[in-house]
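The next block holds one structure in the form of structure tokens; read it before the comments.
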Amino acid sequence: MKWIISARSEIVRNLSELYARSEFIQLVSNSRVTNWDILRDFGGIDKFYVCFTDDGVNGVFVTGHIEEVMELCRSEQVADCELVIANTCIWNQLNDKSILYELLKKHSEMKLWFAKQELSCETNYWLRKTNTLSDVGTFGFPTSKSERILFENRRKGFMVAIEKAFDKVSPILLPADYNT
């Protein structure tokens with residue numbers, strides 16, 4: 001599994017949080033975690049941290065803002081993967097579906113899971129599906145609701161824990177997709 005974390009300060013505030021994420025990844029994947037590498041943009045700015053686990057899962061677990069997840073899903077970073085787990089907000093209606101459609105262009109059997117969303121009331125009373133990172137105390141870095149559920153279910157096996165902690169995105173448009 002490839003693990004990609006946004007380098008933005010709202011996601012990783014310092015190196016101790018990044019190392020705490022390594023410990024978390026080791027616990028939930030039950031696999032050795034490589035050291036973090038840095039993915040930079042063309043201007044040399046740190047965009048993402050990336051590490052790997054040797055757990056036999058051909059996928060990518062992305063933690064970042066929705067536009068970063070969209071960017072990664074259009075890139076070669078996920079081209080050979082069978083699944084993507086997006087620890088991010090859906091933010092705009094059907095963003096999850098549009099990402100899945102992009103992924104299906106690369107690999108017709110691609111699976112996408114999105115973090116469990118909470119409804120948030122933004123300025124001008126817009127309702128949005130969000131996935132706020134909070135609860136720093138337990139793990140040493142801000143976690144999403146889905147990350148906490150993943151940790152709770154880690155002993156059931158990685159993919160079972162993913163299925164409990166994240167929502168699988170269906171390629172079919174359902175009435176529930178329009179209820180926000």
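Ordered as shown in the structure tokens, chains take letters A, B, and onward, while each chain numbers its residues from 1 and ligands are numbered from 1 in the order shown.
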Go through region 135-154 of chain A residue by residue and, counting only C-alpha atoms, keep those with an atom at most 12 Å from region 27-46 of chain A; for each kept residue give the shortest atom pair and its distance in Å to one decimal, ordered by chain and increasing number, as a tab-separated table.
```
residue	atom	partner	partner_atom	distance
A:Phe139	CA	A:Leu27	CA	11.0
A:Glu147	CA	A:Val28	CA	9.3
A:Arg148	CA	A:Val28	CA	10.2
A:Ile149	CA	A:Val28	CA	10.4
A:Leu150	CA	A:Val28	CA	7.0
A:Phe151	CA	A:Val28	CA	5.8
A:Glu152	CA	A:Val28	CA	8.9
A:Asn153	CA	A:Val28	CA	8.3
A:Arg154	CA	A:Val28	CA	5.0
```
Okay, now the selection with all heavy atoms, as a PDB file, in the first residue's frame?
```
ATOM      1  N   PHE A 139      -3.760   9.863  19.087  1.00  0.00           N
ATOM      2  CA  PHE A 139      -2.732   9.309  18.213  1.00  0.00           C
ATOM      3  C   PHE A 139      -1.508  10.209  18.035  1.00  0.00           C
ATOM      4  O   PHE A 139      -0.539   9.781  17.449  1.00  0.00           O
ATOM      5  CB  PHE A 139      -3.334   9.005  16.840  1.00  0.00           C
ATOM      6  CG  PHE A 139      -4.442   7.992  16.906  1.00  0.00           C
ATOM      7  CD1 PHE A 139      -5.757   8.380  16.772  1.00  0.00           C
ATOM      8  CD2 PHE A 139      -4.165   6.658  17.128  1.00  0.00           C
ATOM      9  CE1 PHE A 139      -6.781   7.448  16.850  1.00  0.00           C
ATOM     10  CE2 PHE A 139      -5.175   5.718  17.203  1.00  0.00           C
ATOM     11  CZ  PHE A 139      -6.493   6.114  17.065  1.00  0.00           C
ATOM     12  N   GLU A 147     -10.506   7.444  10.279  1.00  0.00           N
ATOM     13  CA  GLU A 147      -9.240   6.917  10.794  1.00  0.00           C
ATOM     14  C   GLU A 147      -9.442   6.295  12.175  1.00  0.00           C
ATOM     15  O   GLU A 147      -8.851   5.262  12.486  1.00  0.00           O
ATOM     16  CB  GLU A 147      -8.175   8.011  10.866  1.00  0.00           C
ATOM     17  CG  GLU A 147      -7.619   8.388   9.512  1.00  0.00           C
ATOM     18  CD  GLU A 147      -6.689   9.579   9.572  1.00  0.00           C
ATOM     19  OE1 GLU A 147      -7.063  10.616  10.170  1.00  0.00           O
ATOM     20  OE2 GLU A 147      -5.593   9.476   8.992  1.00  0.00           O
ATOM     21  N   ARG A 148     -10.276   6.920  12.989  1.00  0.00           N
ATOM     22  CA  ARG A 148     -10.534   6.366  14.317  1.00  0.00           C
ATOM     23  C   ARG A 148     -11.294   5.038  14.218  1.00  0.00           C
ATOM     24  O   ARG A 148     -10.997   4.090  14.940  1.00  0.00           O
ATOM     25  CB  ARG A 148     -11.269   7.392  15.177  1.00  0.00           C
ATOM     26  CG  ARG A 148     -10.395   8.616  15.479  1.00  0.00           C
ATOM     27  CD  ARG A 148     -11.023   9.574  16.469  1.00  0.00           C
ATOM     28  NE  ARG A 148     -12.212  10.245  15.998  1.00  0.00           N
ATOM     29  CZ  ARG A 148     -12.244  11.358  15.259  1.00  0.00           C
ATOM     30  NH1 ARG A 148     -11.102  11.937  14.894  1.00  0.00           N
ATOM     31  NH2 ARG A 148     -13.372  11.910  14.898  1.00  0.00           N
ATOM     32  N   ILE A 149     -12.249   4.943  13.294  1.00  0.00           N
ATOM     33  CA  ILE A 149     -12.983   3.685  13.076  1.00  0.00           C
ATOM     34  C   ILE A 149     -12.037   2.626  12.510  1.00  0.00           C
ATOM     35  O   ILE A 149     -12.103   1.454  12.904  1.00  0.00           O
ATOM     36  CB  ILE A 149     -14.193   3.906  12.148  1.00  0.00           C
ATOM     37  CG1 ILE A 149     -15.215   4.839  12.821  1.00  0.00           C
ATOM     38  CG2 ILE A 149     -14.845   2.578  11.775  1.00  0.00           C
ATOM     39  CD1 ILE A 149     -16.318   5.327  11.896  1.00  0.00           C
ATOM     40  N   LEU A 150     -11.151   3.016  11.617  1.00  0.00           N
ATOM     41  CA  LEU A 150     -10.151   2.101  11.061  1.00  0.00           C
ATOM     42  C   LEU A 150      -9.305   1.507  12.180  1.00  0.00           C
ATOM     43  O   LEU A 150      -9.093   0.291  12.234  1.00  0.00           O
ATOM     44  CB  LEU A 150      -9.272   2.843  10.051  1.00  0.00           C
ATOM     45  CG  LEU A 150      -8.144   2.069   9.391  1.00  0.00           C
ATOM     46  CD1 LEU A 150      -8.692   0.951   8.509  1.00  0.00           C
ATOM     47  CD2 LEU A 150      -7.281   3.009   8.561  1.00  0.00           C
ATOM     48  N   PHE A 151      -8.857   2.350  13.091  1.00  0.00           N
ATOM     49  CA  PHE A 151      -8.034   1.881  14.209  1.00  0.00           C
ATOM     50  C   PHE A 151      -8.824   0.912  15.095  1.00  0.00           C
ATOM     51  O   PHE A 151      -8.307  -0.129  15.496  1.00  0.00           O
ATOM     52  CB  PHE A 151      -7.532   3.070  15.030  1.00  0.00           C
ATOM     53  CG  PHE A 151      -6.601   2.664  16.124  1.00  0.00           C
ATOM     54  CD1 PHE A 151      -5.274   2.387  15.860  1.00  0.00           C
ATOM     55  CD2 PHE A 151      -7.058   2.539  17.429  1.00  0.00           C
ATOM     56  CE1 PHE A 151      -4.406   1.989  16.867  1.00  0.00           C
ATOM     57  CE2 PHE A 151      -6.206   2.141  18.447  1.00  0.00           C
ATOM     58  CZ  PHE A 151      -4.874   1.875  18.172  1.00  0.00           C
ATOM     59  N   GLU A 152     -10.080   1.243  15.384  1.00  0.00           N
ATOM     60  CA  GLU A 152     -10.910   0.381  16.231  1.00  0.00           C
ATOM     61  C   GLU A 152     -11.087  -1.011  15.633  1.00  0.00           C
ATOM     62  O   GLU A 152     -11.251  -1.988  16.360  1.00  0.00           O
ATOM     63  CB  GLU A 152     -12.297   1.004  16.436  1.00  0.00           C
ATOM     64  CG  GLU A 152     -12.306   2.227  17.313  1.00  0.00           C
ATOM     65  CD  GLU A 152     -13.656   2.940  17.276  1.00  0.00           C
ATOM     66  OE1 GLU A 152     -14.635   2.404  16.700  1.00  0.00           O
ATOM     67  OE2 GLU A 152     -13.731   4.060  17.821  1.00  0.00           O
ATOM     68  N   ASN A 153     -11.079  -1.109  14.313  1.00  0.00           N
ATOM     69  CA  ASN A 153     -11.343  -2.372  13.624  1.00  0.00           C
ATOM     70  C   ASN A 153     -10.101  -3.039  13.062  1.00  0.00           C
ATOM     71  O   ASN A 153     -10.194  -4.008  12.309  1.00  0.00           O
ATOM     72  CB  ASN A 153     -12.353  -2.127  12.496  1.00  0.00           C
ATOM     73  CG  ASN A 153     -13.721  -1.840  13.042  1.00  0.00           C
ATOM     74  OD1 ASN A 153     -14.427  -2.751  13.448  1.00  0.00           O
ATOM     75  ND2 ASN A 153     -14.095  -0.573  13.084  1.00  0.00           N
ATOM     76  N   ARG A 154      -8.914  -2.561  13.413  1.00  0.00           N
ATOM     77  CA  ARG A 154      -7.663  -3.018  12.817  1.00  0.00           C
ATOM     78  C   ARG A 154      -7.412  -4.510  12.995  1.00  0.00           C
ATOM     79  O   ARG A 154      -6.798  -5.139  12.142  1.00  0.00           O
ATOM     80  CB  ARG A 154      -6.485  -2.200  13.355  1.00  0.00           C
ATOM     81  CG  ARG A 154      -6.155  -2.477  14.808  1.00  0.00           C
ATOM     82  CD  ARG A 154      -5.172  -1.465  15.390  1.00  0.00           C
ATOM     83  NE  ARG A 154      -4.850  -1.731  16.769  1.00  0.00           N
ATOM     84  CZ  ARG A 154      -5.618  -1.436  17.800  1.00  0.00           C
ATOM     85  NH1 ARG A 154      -6.792  -0.850  17.617  1.00  0.00           N
ATOM     86  NH2 ARG A 154      -5.231  -1.708  19.034  1.00  0.00           N
TER      87      ARG A 154
END
```
| request: Pick out the residues sitting within 12 Å of Val62 (chain A), and hand them over as a PyMOL selection string; count only C-alpha atoms, and ignore anything fewer than 5 positions along from it in its own chain. | output: chain A and resi 1-7+11+48-52+67-73+77-78+83-89+112-115+147
Generate a file of the selected residues that holds N, CA, C and O atoms, formatted as a tab-separated table (two decimals), in the first residue's frame.
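Dumped to part_14.tsv:
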```tsv
chain	number	residue	atom	x	y	z
A	1	MET	N	0.85	-1.17	0.00
A	1	MET	CA	0.00	0.00	0.00
A	1	MET	C	0.90	1.23	0.00
A	1	MET	O	1.92	1.26	0.67
A	2	LYS	N	0.49	2.21	-0.77
A	2	LYS	CA	1.17	3.50	-0.78
A	2	LYS	C	0.34	4.46	0.07
A	2	LYS	O	-0.88	4.53	-0.08
A	3	TRP	N	0.98	5.18	0.96
A	3	TRP	CA	0.32	6.13	1.85
A	3	TRP	C	0.81	7.52	1.49
A	3	TRP	O	2.02	7.78	1.53
A	4	ILE	N	-0.10	8.41	1.12
A	4	ILE	CA	0.26	9.77	0.70
A	4	ILE	C	-0.47	10.76	1.62
A	4	ILE	O	-1.69	10.69	1.77
A	5	ILE	N	0.30	11.66	2.18
A	5	ILE	CA	-0.22	12.67	3.10
A	5	ILE	C	0.13	14.05	2.56
A	5	ILE	O	1.28	14.29	2.18
A	6	SER	N	-0.83	14.95	2.56
A	6	SER	CA	-0.56	16.32	2.14
A	6	SER	C	0.51	16.94	3.04
A	6	SER	O	0.52	16.73	4.25
A	7	ALA	N	1.38	17.73	2.45
A	7	ALA	CA	2.42	18.43	3.22
A	7	ALA	C	1.92	19.78	3.73
A	7	ALA	O	2.68	20.50	4.36
A	11	ILE	N	-2.58	19.79	7.60
A	11	ILE	CA	-2.64	18.32	7.64
A	11	ILE	C	-1.50	17.78	8.50
A	11	ILE	O	-1.71	16.95	9.37
A	48	PHE	N	3.60	16.57	-0.94
A	48	PHE	CA	3.10	15.39	-0.26
A	48	PHE	C	4.26	14.63	0.39
A	48	PHE	O	5.38	14.69	-0.08
A	49	TYR	N	3.90	13.91	1.45
A	49	TYR	CA	4.78	12.91	2.02
A	49	TYR	C	4.26	11.56	1.56
A	49	TYR	O	3.04	11.36	1.46
A	50	VAL	N	5.16	10.62	1.30
A	50	VAL	CA	4.74	9.30	0.85
A	50	VAL	C	5.57	8.23	1.55
A	50	VAL	O	6.78	8.39	1.74
A	51	CYS	N	4.89	7.16	1.96
A	51	CYS	CA	5.56	5.99	2.52
A	51	CYS	C	4.84	4.75	1.99
A	51	CYS	O	3.78	4.86	1.36
A	52	PHE	N	5.40	3.58	2.27
A	52	PHE	CA	4.85	2.33	1.76
A	52	PHE	C	4.77	1.31	2.89
A	52	PHE	O	5.59	1.33	3.80
A	67	GLU	N	-9.04	18.88	-3.43
A	67	GLU	CA	-8.37	19.22	-4.70
A	67	GLU	C	-7.05	18.47	-4.84
A	67	GLU	O	-6.64	18.12	-5.94
A	68	GLU	N	-6.39	18.17	-3.73
A	68	GLU	CA	-5.15	17.38	-3.77
A	68	GLU	C	-5.45	15.92	-4.14
A	68	GLU	O	-4.72	15.31	-4.91
A	69	VAL	N	-6.53	15.39	-3.59
A	69	VAL	CA	-6.93	14.03	-3.92
A	69	VAL	C	-7.29	13.94	-5.40
A	69	VAL	O	-6.89	13.00	-6.09
A	70	MET	N	-8.00	14.94	-5.90
A	70	MET	CA	-8.34	14.97	-7.32
A	70	MET	C	-7.08	14.99	-8.18
A	70	MET	O	-6.97	14.25	-9.17
A	71	GLU	N	-6.13	15.83	-7.79
A	71	GLU	CA	-4.86	15.92	-8.53
A	71	GLU	C	-4.13	14.58	-8.54
A	71	GLU	O	-3.67	14.12	-9.59
A	72	LEU	N	-4.04	13.93	-7.40
A	72	LEU	CA	-3.35	12.64	-7.31
A	72	LEU	C	-4.06	11.57	-8.13
A	72	LEU	O	-3.42	10.74	-8.77
A	73	CYS	N	-5.39	11.60	-8.13
A	73	CYS	CA	-6.14	10.58	-8.87
A	73	CYS	C	-6.04	10.76	-10.38
A	73	CYS	O	-6.28	9.84	-11.14
A	77	GLN	N	0.49	8.51	-9.93
A	77	GLN	CA	0.66	7.95	-8.58
A	77	GLN	C	-0.32	6.81	-8.30
A	77	GLN	O	-0.06	5.97	-7.46
A	78	VAL	N	-1.46	6.81	-8.98
A	78	VAL	CA	-2.48	5.78	-8.73
A	78	VAL	C	-2.74	4.90	-9.95
A	78	VAL	O	-3.60	4.03	-9.90
A	83	LEU	N	-7.14	0.06	-5.85
A	83	LEU	CA	-8.06	0.80	-4.99
A	83	LEU	C	-7.44	2.08	-4.49
A	83	LEU	O	-6.21	2.19	-4.39
A	84	VAL	N	-8.31	3.04	-4.20
A	84	VAL	CA	-7.90	4.31	-3.60
A	84	VAL	C	-8.79	4.55	-2.40
A	84	VAL	O	-10.01	4.38	-2.47
A	85	ILE	N	-8.16	4.93	-1.30
A	85	ILE	CA	-8.89	5.30	-0.09
A	85	ILE	C	-8.64	6.78	0.11
A	85	ILE	O	-7.49	7.20	0.28
A	86	ALA	N	-9.70	7.57	0.06
A	86	ALA	CA	-9.58	9.02	0.14
A	86	ALA	C	-10.03	9.51	1.51
A	86	ALA	O	-11.22	9.49	1.83
A	87	ASN	N	-9.08	9.92	2.30
A	87	ASN	CA	-9.35	10.47	3.63
A	87	ASN	C	-9.47	11.98	3.46
A	87	ASN	O	-8.54	12.73	3.77
A	88	THR	N	-10.61	12.41	2.93
A	88	THR	CA	-10.81	13.81	2.55
A	88	THR	C	-12.29	14.14	2.59
A	88	THR	O	-13.13	13.27	2.82
A	89	CYS	N	-12.60	15.39	2.33
A	89	CYS	CA	-14.00	15.84	2.23
A	89	CYS	C	-14.51	15.61	0.81
A	89	CYS	O	-13.76	15.70	-0.15
A	112	LEU	N	-12.99	2.74	-5.05
A	112	LEU	CA	-12.74	3.99	-4.33
A	112	LEU	C	-13.56	4.01	-3.05
A	112	LEU	O	-14.75	3.74	-3.07
A	113	TRP	N	-12.88	4.32	-1.95
A	113	TRP	CA	-13.55	4.52	-0.67
A	113	TRP	C	-13.29	5.96	-0.23
A	113	TRP	O	-12.18	6.47	-0.39
A	114	PHE	N	-14.31	6.58	0.33
A	114	PHE	CA	-14.19	7.94	0.85
A	114	PHE	C	-14.43	7.93	2.35
A	114	PHE	O	-15.25	7.14	2.86
A	115	ALA	N	-13.75	8.83	3.05
A	115	ALA	CA	-13.94	8.97	4.49
A	115	ALA	C	-15.40	9.29	4.77
A	115	ALA	O	-16.09	9.93	3.98
A	147	GLU	N	-10.51	7.44	10.28
A	147	GLU	CA	-9.24	6.92	10.79
A	147	GLU	C	-9.44	6.29	12.18
A	147	GLU	O	-8.85	5.26	12.49
```
| request: Using DSSP on the backbone coordinates, identify all residues within chain A classified as strand (DSSP E or B); present the result as JSON, numbers by chain. | output: {"A": [2, 3, 4, 5, 6, 33, 37, 38, 39, 40, 46, 47, 48, 49, 50, 51, 52, 53, 59, 60, 61, 62, 63, 83, 84, 85, 86, 87, 111, 112, 113, 114, 115, 118, 119, 120, 121, 127, 128, 129, 130, 134, 143, 166, 167, 168]}
| task | Identify, with DSSP run on backbone atoms, the residues in chain A assigned to helix (DSSP H, G or I), and express the list as a PyMOL selection string. | result | chain A and resi 15-29+66-74+76-78+95-106+123-125+136-139+145-152+154-156+158-165+175-178
| field | Shell of 7 Å around Glu82 (chain A), only C-alpha atoms, local chain residues under 6 positions omitted, as an NGL selection string | value | :A and (58-59 or 109-111)
Write a file of the selected residues as an mmCIF file, in the first residue's frame, keeping all heavy atoms.
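Final file, selection-v3.cif:
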```
data_model
loop_
_atom_site.group_PDB
_atom_site.id
_atom_site.type_symbol
_atom_site.label_atom_id
_atom_site.label_comp_id
_atom_site.auth_asym_id
_atom_site.auth_seq_id
_atom_site.Cartn_x
_atom_site.Cartn_y
_atom_site.Cartn_z
ATOM 1 N N ASN A 58 -2.625 -3.593 -3.151
ATOM 2 C CA ASN A 58 -2.221 -2.744 -4.265
ATOM 3 C C ASN A 58 -3.130 -1.512 -4.303
ATOM 4 O O ASN A 58 -4.099 -1.471 -5.059
ATOM 5 C CB ASN A 58 -2.296 -3.513 -5.583
ATOM 6 C CG ASN A 58 -1.859 -2.685 -6.759
ATOM 7 O OD1 ASN A 58 -1.251 -1.630 -6.603
ATOM 8 N ND2 ASN A 58 -2.175 -3.149 -7.946
ATOM 9 N N GLY A 59 -2.816 -0.561 -3.443
ATOM 10 C CA GLY A 59 -3.660 0.621 -3.361
ATOM 11 C C GLY A 59 -2.932 1.831 -2.843
ATOM 12 O O GLY A 59 -1.747 1.778 -2.516
ATOM 13 N N GLU A 109 -11.481 -1.858 -13.073
ATOM 14 C CA GLU A 109 -11.874 -2.546 -11.836
ATOM 15 C C GLU A 109 -11.524 -1.731 -10.581
ATOM 16 O O GLU A 109 -11.609 -2.255 -9.475
ATOM 17 C CB GLU A 109 -11.179 -3.914 -11.756
ATOM 18 C CG GLU A 109 -11.550 -4.845 -12.897
ATOM 19 C CD GLU A 109 -13.019 -5.221 -12.892
ATOM 20 O OE1 GLU A 109 -13.552 -5.546 -11.819
ATOM 21 O OE2 GLU A 109 -13.637 -5.178 -13.981
ATOM 22 N N MET A 110 -11.134 -0.475 -10.756
ATOM 23 C CA MET A 110 -10.712 0.374 -9.634
ATOM 24 C C MET A 110 -11.840 0.530 -8.620
ATOM 25 O O MET A 110 -13.008 0.671 -8.981
ATOM 26 C CB MET A 110 -10.294 1.746 -10.163
ATOM 27 C CG MET A 110 -9.757 2.687 -9.124
ATOM 28 S SD MET A 110 -8.068 2.352 -8.615
ATOM 29 C CE MET A 110 -7.156 2.962 -9.989
ATOM 30 N N LYS A 111 -11.465 0.507 -7.348
ATOM 31 C CA LYS A 111 -12.407 0.724 -6.243
ATOM 32 C C LYS A 111 -11.990 2.003 -5.523
ATOM 33 O O LYS A 111 -10.805 2.298 -5.396
ATOM 34 C CB LYS A 111 -12.363 -0.443 -5.260
ATOM 35 C CG LYS A 111 -12.553 -1.805 -5.889
ATOM 36 C CD LYS A 111 -13.991 -2.183 -5.993
ATOM 37 C CE LYS A 111 -14.207 -3.590 -6.462
ATOM 38 N NZ LYS A 111 -13.993 -3.853 -7.851
#
```
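With only C-alpha atoms as the atoms that count, the minimum distance from Ser16 (chain A) to the choices A:Gly140, A:Ala79, A:Arg74, A:Leu103 is reached by A:Gly140.
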| request: Quote the spacing between CA of Glu118 (chain A) and CA of Lys105 (chain A) in Å to one decimal place. | output: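 Interatomic distance here is 28.7 Å.
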